$ cat run.pdb   # PDB, N, CA and C atoms
ATOM      1  N   MET A   1     -30.846  15.366  -3.372
ATOM      2  CA  MET A   1     -30.280  14.038  -3.263
ATOM      3  C   MET A   1     -29.308  14.022  -2.085
ATOM      4  N   VAL A   2     -29.401  12.986  -1.273
ATOM      5  CA  VAL A   2     -28.525  12.823  -0.120
ATOM      6  C   VAL A   2     -27.427  11.837  -0.485
ATOM      7  N   ILE A   3     -26.215  12.257  -0.259
ATOM      8  CA  ILE A   3     -25.080  11.372  -0.514
ATOM      9  C   ILE A   3     -24.659  10.792   0.818
ATOM     10  N   SER A   4     -24.691   9.499   0.913
ATOM     11  CA  SER A   4     -24.327   8.831   2.159
ATOM     12  C   SER A   4     -22.816   8.728   2.285
ATOM     13  N   THR A   5     -22.332   9.056   3.467
ATOM     14  CA  THR A   5     -20.911   8.876   3.734
ATOM     15  C   THR A   5     -20.680   7.588   4.500
ATOM     16  N   PHE A   6     -21.745   6.790   4.622
ATOM     17  CA  PHE A   6     -21.636   5.527   5.349
ATOM     18  C   PHE A   6     -20.685   4.598   4.624
ATOM     19  N   GLU A   7     -19.768   4.077   5.359
ATOM     20  CA  GLU A   7     -18.830   3.084   4.845
ATOM     21  C   GLU A   7     -18.885   1.923   5.820
ATOM     22  N   PRO A   8     -19.213   0.728   5.354
ATOM     23  CA  PRO A   8     -19.357  -0.379   6.293
ATOM     24  C   PRO A   8     -18.074  -0.653   7.068
ATOM     25  N   ILE A   9     -18.263  -1.211   8.258
ATOM     26  CA  ILE A   9     -17.101  -1.594   9.055
ATOM     27  C   ILE A   9     -16.426  -2.762   8.352
ATOM     28  N   THR A  10     -15.182  -2.582   8.065
ATOM     29  CA  THR A  10     -14.415  -3.649   7.447
ATOM     30  C   THR A  10     -13.129  -3.823   8.233
ATOM     31  N   GLU A  11     -12.554  -4.967   8.083
ATOM     32  CA  GLU A  11     -11.266  -5.198   8.744
ATOM     33  C   GLU A  11     -10.218  -4.232   8.205
ATOM     34  N   GLU A  12     -10.349  -3.841   6.941
ATOM     35  CA  GLU A  12      -9.392  -2.889   6.379
ATOM     36  C   GLU A  12      -9.479  -1.539   7.086
ATOM     37  N   ARG A  13     -10.689  -1.093   7.389
ATOM     38  CA  ARG A  13     -10.860   0.173   8.123
ATOM     39  C   ARG A  13     -10.276   0.062   9.523
ATOM     40  N   ILE A  14     -10.528  -1.057  10.166
ATOM     41  CA  ILE A  14      -9.999  -1.265  11.517
ATOM     42  C   ILE A  14      -8.478  -1.319  11.487
ATOM     43  N   ILE A  15      -7.928  -2.025  10.516
ATOM     44  CA  ILE A  15      -6.473  -2.108  10.380
ATOM     45  C   ILE A  15      -5.890  -0.718  10.146
ATOM     46  N   ALA A  16      -6.523   0.079   9.293
ATOM     47  CA  ALA A  16      -6.031   1.430   9.018
ATOM     48  C   ALA A  16      -6.044   2.284  10.288
ATOM     49  N   LEU A  17      -7.101   2.184  11.075
ATOM     50  CA  LEU A  17      -7.187   2.948  12.326
ATOM     51  C   LEU A  17      -6.131   2.492  13.327
ATOM     52  N   ILE A  18      -5.965   1.186  13.466
ATOM     53  CA  ILE A  18      -4.963   0.656  14.392
ATOM     54  C   ILE A  18      -3.568   1.092  13.940
ATOM     55  N   SER A  19      -3.315   1.011  12.650
ATOM     56  CA  SER A  19      -2.029   1.415  12.094
ATOM     57  C   SER A  19      -1.743   2.879  12.423
ATOM     58  N   TYR A  20      -2.732   3.729  12.208
ATOM     59  CA  TYR A  20      -2.570   5.156  12.491
ATOM     60  C   TYR A  20      -2.381   5.403  13.984
ATOM     61  N   TYR A  21      -3.219   4.783  14.791
ATOM     62  CA  TYR A  21      -3.203   5.005  16.242
ATOM     63  C   TYR A  21      -1.890   4.529  16.870
ATOM     64  N   LEU A  22      -1.417   3.367  16.435
ATOM     65  CA  LEU A  22      -0.205   2.787  17.022
ATOM     66  C   LEU A  22       1.068   3.150  16.253
ATOM     67  N   LYS A  23       0.904   3.824  15.120
ATOM     68  CA  LYS A  23       2.044   4.182  14.267
ATOM     69  C   LYS A  23       2.848   2.938  13.859
ATOM     70  N   VAL A  24       2.091   1.937  13.428
ATOM     71  CA  VAL A  24       2.654   0.681  12.939
ATOM     72  C   VAL A  24       2.222   0.557  11.477
ATOM     73  N   PRO A  25       3.123   0.210  10.565
ATOM     74  CA  PRO A  25       2.712   0.059   9.167
ATOM     75  C   PRO A  25       1.561  -0.940   9.030
ATOM     76  N   SER A  26       0.582  -0.581   8.224
ATOM     77  CA  SER A  26      -0.581  -1.465   8.055
ATOM     78  C   SER A  26      -0.180  -2.809   7.468
ATOM     79  N   SER A  27       0.954  -2.865   6.791
ATOM     80  CA  SER A  27       1.422  -4.140   6.236
ATOM     81  C   SER A  27       1.812  -5.128   7.341
ATOM     82  N   HIS A  28       1.996  -4.636   8.563
ATOM     83  CA  HIS A  28       2.334  -5.506   9.694
ATOM     84  C   HIS A  28       1.105  -5.945  10.482
ATOM     85  N   ILE A  29      -0.082  -5.572   9.998
ATOM     86  CA  ILE A  29      -1.318  -5.890  10.709
ATOM     87  C   ILE A  29      -2.231  -6.654   9.759
ATOM     88  N   ASN A  30      -2.823  -7.734  10.257
ATOM     89  CA  ASN A  30      -3.777  -8.514   9.479
ATOM     90  C   ASN A  30      -4.905  -8.941  10.417
ATOM     91  N   PRO A  31      -5.941  -9.608   9.905
ATOM     92  CA  PRO A  31      -7.064  -9.977  10.777
ATOM     93  C   PRO A  31      -6.679 -10.848  11.970
ATOM     94  N   TYR A  32      -5.581 -11.561  11.874
ATOM     95  CA  TYR A  32      -5.186 -12.464  12.954
ATOM     96  C   TYR A  32      -4.115 -11.876  13.859
ATOM     97  N   THR A  33      -3.816 -10.613  13.670
ATOM     98  CA  THR A  33      -2.834  -9.951  14.519
ATOM     99  C   THR A  33      -3.360  -9.884  15.943
ATOM    100  N   HIS A  34      -2.560 -10.399  16.869
ATOM    101  CA  HIS A  34      -2.922 -10.428  18.285
ATOM    102  C   HIS A  34      -2.362  -9.173  18.937
ATOM    103  N   PHE A  35      -3.211  -8.475  19.674
ATOM    104  CA  PHE A  35      -2.800  -7.202  20.255
ATOM    105  C   PHE A  35      -1.629  -7.341  21.230
ATOM    106  N   GLN A  36      -1.644  -8.364  22.041
ATOM    107  CA  GLN A  36      -0.566  -8.534  23.017
ATOM    108  C   GLN A  36       0.651  -9.205  22.382
ATOM    109  N   ASP A  37       0.442 -10.333  21.740
ATOM    110  CA  ASP A  37       1.564 -11.115  21.220
ATOM    111  C   ASP A  37       2.263 -10.461  20.031
ATOM    112  N   ASP A  38       1.482  -9.867  19.116
ATOM    113  CA  ASP A  38       2.072  -9.320  17.895
ATOM    114  C   ASP A  38       2.365  -7.819  17.984
ATOM    115  N   LEU A  39       1.474  -7.080  18.636
ATOM    116  CA  LEU A  39       1.662  -5.627  18.730
ATOM    117  C   LEU A  39       2.248  -5.196  20.068
ATOM    118  N   HIS A  40       2.432  -6.153  20.967
ATOM    119  CA  HIS A  40       3.081  -5.924  22.265
ATOM    120  C   HIS A  40       2.376  -4.870  23.117
ATOM    121  N   LEU A  41       1.029  -4.897  23.081
ATOM    122  CA  LEU A  41       0.260  -3.979  23.911
ATOM    123  C   LEU A  41       0.034  -4.602  25.279
ATOM    124  N   ASP A  42       0.209  -3.806  26.317
ATOM    125  CA  ASP A  42      -0.163  -4.296  27.640
ATOM    126  C   ASP A  42      -1.676  -4.120  27.791
ATOM    127  N   GLU A  43      -2.224  -4.559  28.892
ATOM    128  CA  GLU A  43      -3.673  -4.534  29.086
ATOM    129  C   GLU A  43      -4.235  -3.115  28.997
ATOM    130  N   PHE A  44      -3.547  -2.161  29.579
ATOM    131  CA  PHE A  44      -4.007  -0.770  29.551
ATOM    132  C   PHE A  44      -4.031  -0.228  28.125
ATOM    133  N   ASP A  45      -2.964  -0.437  27.383
ATOM    134  CA  ASP A  45      -2.909   0.051  26.006
ATOM    135  C   ASP A  45      -3.932  -0.655  25.120
ATOM    136  N   ARG A  46      -4.164  -1.926  25.354
ATOM    137  CA  ARG A  46      -5.177  -2.667  24.589
ATOM    138  C   ARG A  46      -6.554  -2.077  24.838
ATOM    139  N   MET A  47      -6.851  -1.752  26.105
ATOM    140  CA  MET A  47      -8.157  -1.172  26.430
ATOM    141  C   MET A  47      -8.293   0.229  25.830
ATOM    142  N   LEU A  48      -7.211   1.006  25.799
ATOM    143  CA  LEU A  48      -7.259   2.322  25.158
ATOM    144  C   LEU A  48      -7.522   2.178  23.656
ATOM    145  N   LEU A  49      -6.902   1.180  23.038
ATOM    146  CA  LEU A  49      -7.122   0.929  21.621
ATOM    147  C   LEU A  49      -8.582   0.552  21.373
ATOM    148  N   ILE A  50      -9.119  -0.314  22.193
ATOM    149  CA  ILE A  50     -10.514  -0.725  22.038
ATOM    150  C   ILE A  50     -11.442   0.473  22.248
ATOM    151  N   ALA A  51     -11.139   1.320  23.224
ATOM    152  CA  ALA A  51     -11.956   2.515  23.471
ATOM    153  C   ALA A  51     -11.923   3.446  22.256
ATOM    154  N   MET A  52     -10.757   3.589  21.623
ATOM    155  CA  MET A  52     -10.650   4.421  20.432
ATOM    156  C   MET A  52     -11.503   3.844  19.308
ATOM    157  N   LEU A  53     -11.456   2.525  19.139
ATOM    158  CA  LEU A  53     -12.260   1.890  18.092
ATOM    159  C   LEU A  53     -13.754   2.037  18.391
ATOM    160  N   GLU A  54     -14.139   1.874  19.652
ATOM    161  CA  GLU A  54     -15.540   2.071  20.028
ATOM    162  C   GLU A  54     -15.980   3.488  19.668
ATOM    163  N   SER A  55     -15.156   4.451  19.961
ATOM    164  CA  SER A  55     -15.473   5.844  19.665
ATOM    165  C   SER A  55     -15.605   6.067  18.154
ATOM    166  N   GLN A  56     -14.684   5.543  17.395
ATOM    167  CA  GLN A  56     -14.699   5.722  15.942
ATOM    168  C   GLN A  56     -15.939   5.110  15.295
ATOM    169  N   PHE A  57     -16.373   3.977  15.812
ATOM    170  CA  PHE A  57     -17.493   3.266  15.204
ATOM    171  C   PHE A  57     -18.801   3.438  15.974
ATOM    172  N   ARG A  58     -18.764   4.325  16.976
ATOM    173  CA  ARG A  58     -19.957   4.588  17.791
ATOM    174  C   ARG A  58     -20.577   3.281  18.290
ATOM    175  N   ALA A  59     -19.740   2.486  18.925
ATOM    176  CA  ALA A  59     -20.159   1.191  19.470
ATOM    177  C   ALA A  59     -19.855   1.177  20.961
ATOM    178  N   PHE A  60     -20.541   0.315  21.675
ATOM    179  CA  PHE A  60     -20.257   0.142  23.094
ATOM    180  C   PHE A  60     -20.151  -1.340  23.378
ATOM    181  N   LEU A  61     -19.026  -1.739  23.932
ATOM    182  CA  LEU A  61     -18.816  -3.125  24.325
ATOM    183  C   LEU A  61     -18.826  -3.195  25.840
ATOM    184  N   SER A  62     -19.410  -4.240  26.364
ATOM    185  CA  SER A  62     -19.376  -4.442  27.810
ATOM    186  C   SER A  62     -17.938  -4.772  28.209
ATOM    187  N   ALA A  63     -17.668  -4.737  29.493
ATOM    188  CA  ALA A  63     -16.322  -5.058  29.980
ATOM    189  C   ALA A  63     -15.916  -6.468  29.570
ATOM    190  N   GLU A  64     -16.853  -7.397  29.620
ATOM    191  CA  GLU A  64     -16.562  -8.782  29.251
ATOM    192  C   GLU A  64     -16.256  -8.897  27.755
ATOM    193  N   GLU A  65     -17.019  -8.174  26.945
ATOM    194  CA  GLU A  65     -16.789  -8.220  25.506
ATOM    195  C   GLU A  65     -15.448  -7.567  25.163
ATOM    196  N   ALA A  66     -15.170  -6.443  25.783
ATOM    197  CA  ALA A  66     -13.892  -5.763  25.538
ATOM    198  C   ALA A  66     -12.725  -6.664  25.936
ATOM    199  N   ALA A  67     -12.872  -7.395  27.029
ATOM    200  CA  ALA A  67     -11.815  -8.309  27.470
ATOM    201  C   ALA A  67     -11.611  -9.443  26.469
ATOM    202  N   ALA A  68     -12.666  -9.803  25.747
ATOM    203  CA  ALA A  68     -12.579 -10.899  24.776
ATOM    204  C   ALA A  68     -11.917 -10.465  23.471
ATOM    205  N   VAL A  69     -11.776  -9.163  23.251
ATOM    206  CA  VAL A  69     -11.162  -8.674  22.017
ATOM    207  C   VAL A  69      -9.648  -8.798  22.137
ATOM    208  N   GLN A  70      -9.104  -9.770  21.439
ATOM    209  CA  GLN A  70      -7.673 -10.039  21.491
ATOM    210  C   GLN A  70      -6.993  -9.875  20.136
ATOM    211  N   THR A  71      -7.779  -9.909  19.058
ATOM    212  CA  THR A  71      -7.225  -9.817  17.714
ATOM    213  C   THR A  71      -8.009  -8.791  16.901
ATOM    214  N   VAL A  72      -7.484  -8.447  15.741
ATOM    215  CA  VAL A  72      -8.193  -7.544  14.835
ATOM    216  C   VAL A  72      -9.535  -8.159  14.433
ATOM    217  N   ARG A  73      -9.548  -9.450  14.174
ATOM    218  CA  ARG A  73     -10.796 -10.129  13.792
ATOM    219  C   ARG A  73     -11.829 -10.035  14.914
ATOM    220  N   ASP A  74     -11.399 -10.229  16.163
ATOM    221  CA  ASP A  74     -12.314 -10.085  17.300
ATOM    222  C   ASP A  74     -12.914  -8.682  17.317
ATOM    223  N   ALA A  75     -12.070  -7.683  17.135
ATOM    224  CA  ALA A  75     -12.540  -6.297  17.133
ATOM    225  C   ALA A  75     -13.559  -6.097  16.020
ATOM    226  N   SER A  76     -13.277  -6.621  14.861
ATOM    227  CA  SER A  76     -14.192  -6.491  13.731
ATOM    228  C   SER A  76     -15.550  -7.112  14.030
ATOM    229  N   LEU A  77     -15.540  -8.299  14.591
ATOM    230  CA  LEU A  77     -16.798  -8.984  14.880
ATOM    231  C   LEU A  77     -17.639  -8.217  15.902
ATOM    232  N   TYR A  78     -17.026  -7.801  16.998
ATOM    233  CA  TYR A  78     -17.769  -7.079  18.031
ATOM    234  C   TYR A  78     -18.210  -5.699  17.557
ATOM    235  N   LEU A  79     -17.350  -4.979  16.865
ATOM    236  CA  LEU A  79     -17.712  -3.640  16.408
ATOM    237  C   LEU A  79     -18.823  -3.693  15.368
ATOM    238  N   THR A  80     -18.782  -4.681  14.506
ATOM    239  CA  THR A  80     -19.846  -4.843  13.514
ATOM    240  C   THR A  80     -21.175  -5.137  14.204
ATOM    241  N   LYS A  81     -21.121  -5.943  15.238
ATOM    242  CA  LYS A  81     -22.330  -6.326  15.956
ATOM    243  C   LYS A  81     -22.967  -5.143  16.694
ATOM    244  N   TYR A  82     -22.150  -4.279  17.279
ATOM    245  CA  TYR A  82     -22.664  -3.231  18.154
ATOM    246  C   TYR A  82     -22.569  -1.813  17.598
ATOM    247  N   SER A  83     -22.075  -1.653  16.410
ATOM    248  CA  SER A  83     -21.893  -0.311  15.862
ATOM    249  C   SER A  83     -23.215   0.374  15.573
ATOM    250  N   ALA A  84     -23.258   1.666  15.847
ATOM    251  CA  ALA A  84     -24.428   2.471  15.490
ATOM    252  C   ALA A  84     -24.556   2.555  13.982
ATOM    253  N   GLU A  85     -23.435   2.401  13.270
ATOM    254  CA  GLU A  85     -23.460   2.439  11.815
ATOM    255  C   GLU A  85     -24.170   1.230  11.241
ATOM    256  N   ALA A  86     -24.170   0.143  11.974
ATOM    257  CA  ALA A  86     -24.791  -1.083  11.491
ATOM    258  C   ALA A  86     -26.300  -1.036  11.633
ATOM    259  N   ALA A  87     -26.797  -0.109  12.428
ATOM    260  CA  ALA A  87     -28.249  -0.004  12.679
ATOM    261  C   ALA A  87     -28.983   0.566  11.497
TER     262      ALA A  87
END
$ encode --input "run.pdb" --output "structure tokens"
Amino acid sequence: MVISTFEPITEERIIALISYYLKVPSSHINPYTHFQDDLHLDEFDRMLLIAMLESQFRAFLSAEEAAAVQTVRDASLYLTKYSAEAA
């Protein structure tokens, strides 16, 4: 019997990863948290965060798609769409 370790991409997983990566309590992050306005990330740090999420979920976003990711919800939508786990 094969036990799957697959866990669907959820906003909770993304929030937990962002919380760990940025060392911000997860209680301060929600689906509408804006990376620049709420978490005070500059463009470089935002792109590093997106790259970390892409790596974690085995997804690849184009430069245009990555630029469109401004909130946790945006990240969830794009990562769900392009994740290797979703295949």
$ closest_residue --input "run.pdb" --among "A:Asp37, A:Glu54, A:Asp42, A:Glu64" --to "Ser83 in chain A" --atoms "all atoms listed in the file"
A:Glu54
$ atom_distance --input "run.pdb" --atom1 "CA of Tyr82 in chain A" --atom2 "atom C of Ala59 in chain A"
5.9 Å
$ residues_around --input "run.pdb" --residues "Ser76 in chain A" --least-positions-apart "5" --cutoff "6.5 Å" --atoms "only N, CA and C atoms" --output "ChimeraX atom specification"
/A:10-11,71,81
$ closest_residue --input "run.pdb" --among "A:Glu65, A:Ile14, A:His40, A:Val24" --to "Leu53 in chain A" --atoms "only N, CA and C atoms"
A:Ile14
$ resolve_selection --input "run.pdb" --expression "the PyMOL selection byres ((chain A and resi 70) around 6)" --output "list of chain:residue names"
A:Thr33, A:His34, A:Phe35, A:Gln36, A:Ala67, A:Ala68, A:Val69, A:Thr71, A:Val72, A:Asp74, A:Ala75
$ select_by_dssp --input "run.pdb" --residues "chain A" --states "alpha helix (DSSP H)" --output "MDAnalysis selection string"
chainID A and resid 11:22 43:57 63:68 72:82
$ closest_residue --input "run.pdb" --among "A:Leu17, A:Leu49, A:Ile9, A:Leu39" --to "Leu79 in chain A" --atoms "all atoms listed in the file"
A:Ile9
$ atom_distance --input "run.pdb" --atom1 "atom N of Tyr21 in chain A" --atom2 "CA of Phe57 in chain A"
14.4 Å
$ atom_distance --input "run.pdb" --atom1 "CA of Leu41 in chain A" --atom2 "CA of Leu22 in chain A"
9.7 Å
$ closest_residue --input "run.pdb" --among "A:Phe44, A:Ser55, A:Glu12, A:Asp38" --to "Ser26 in chain A" --atoms "only C-alpha atoms"
A:Glu12
$ axis_aligned_box --input "run.pdb" --around "range 38-54 of chain A" --padding-each-side "8 Å" --output "lines of an AutoDock Vina configuration file"
center_x = -6.4
center_y = -2.7
center_z = 23.7
size_x = 35.1
size_y = 30.3
size_z = 27.7
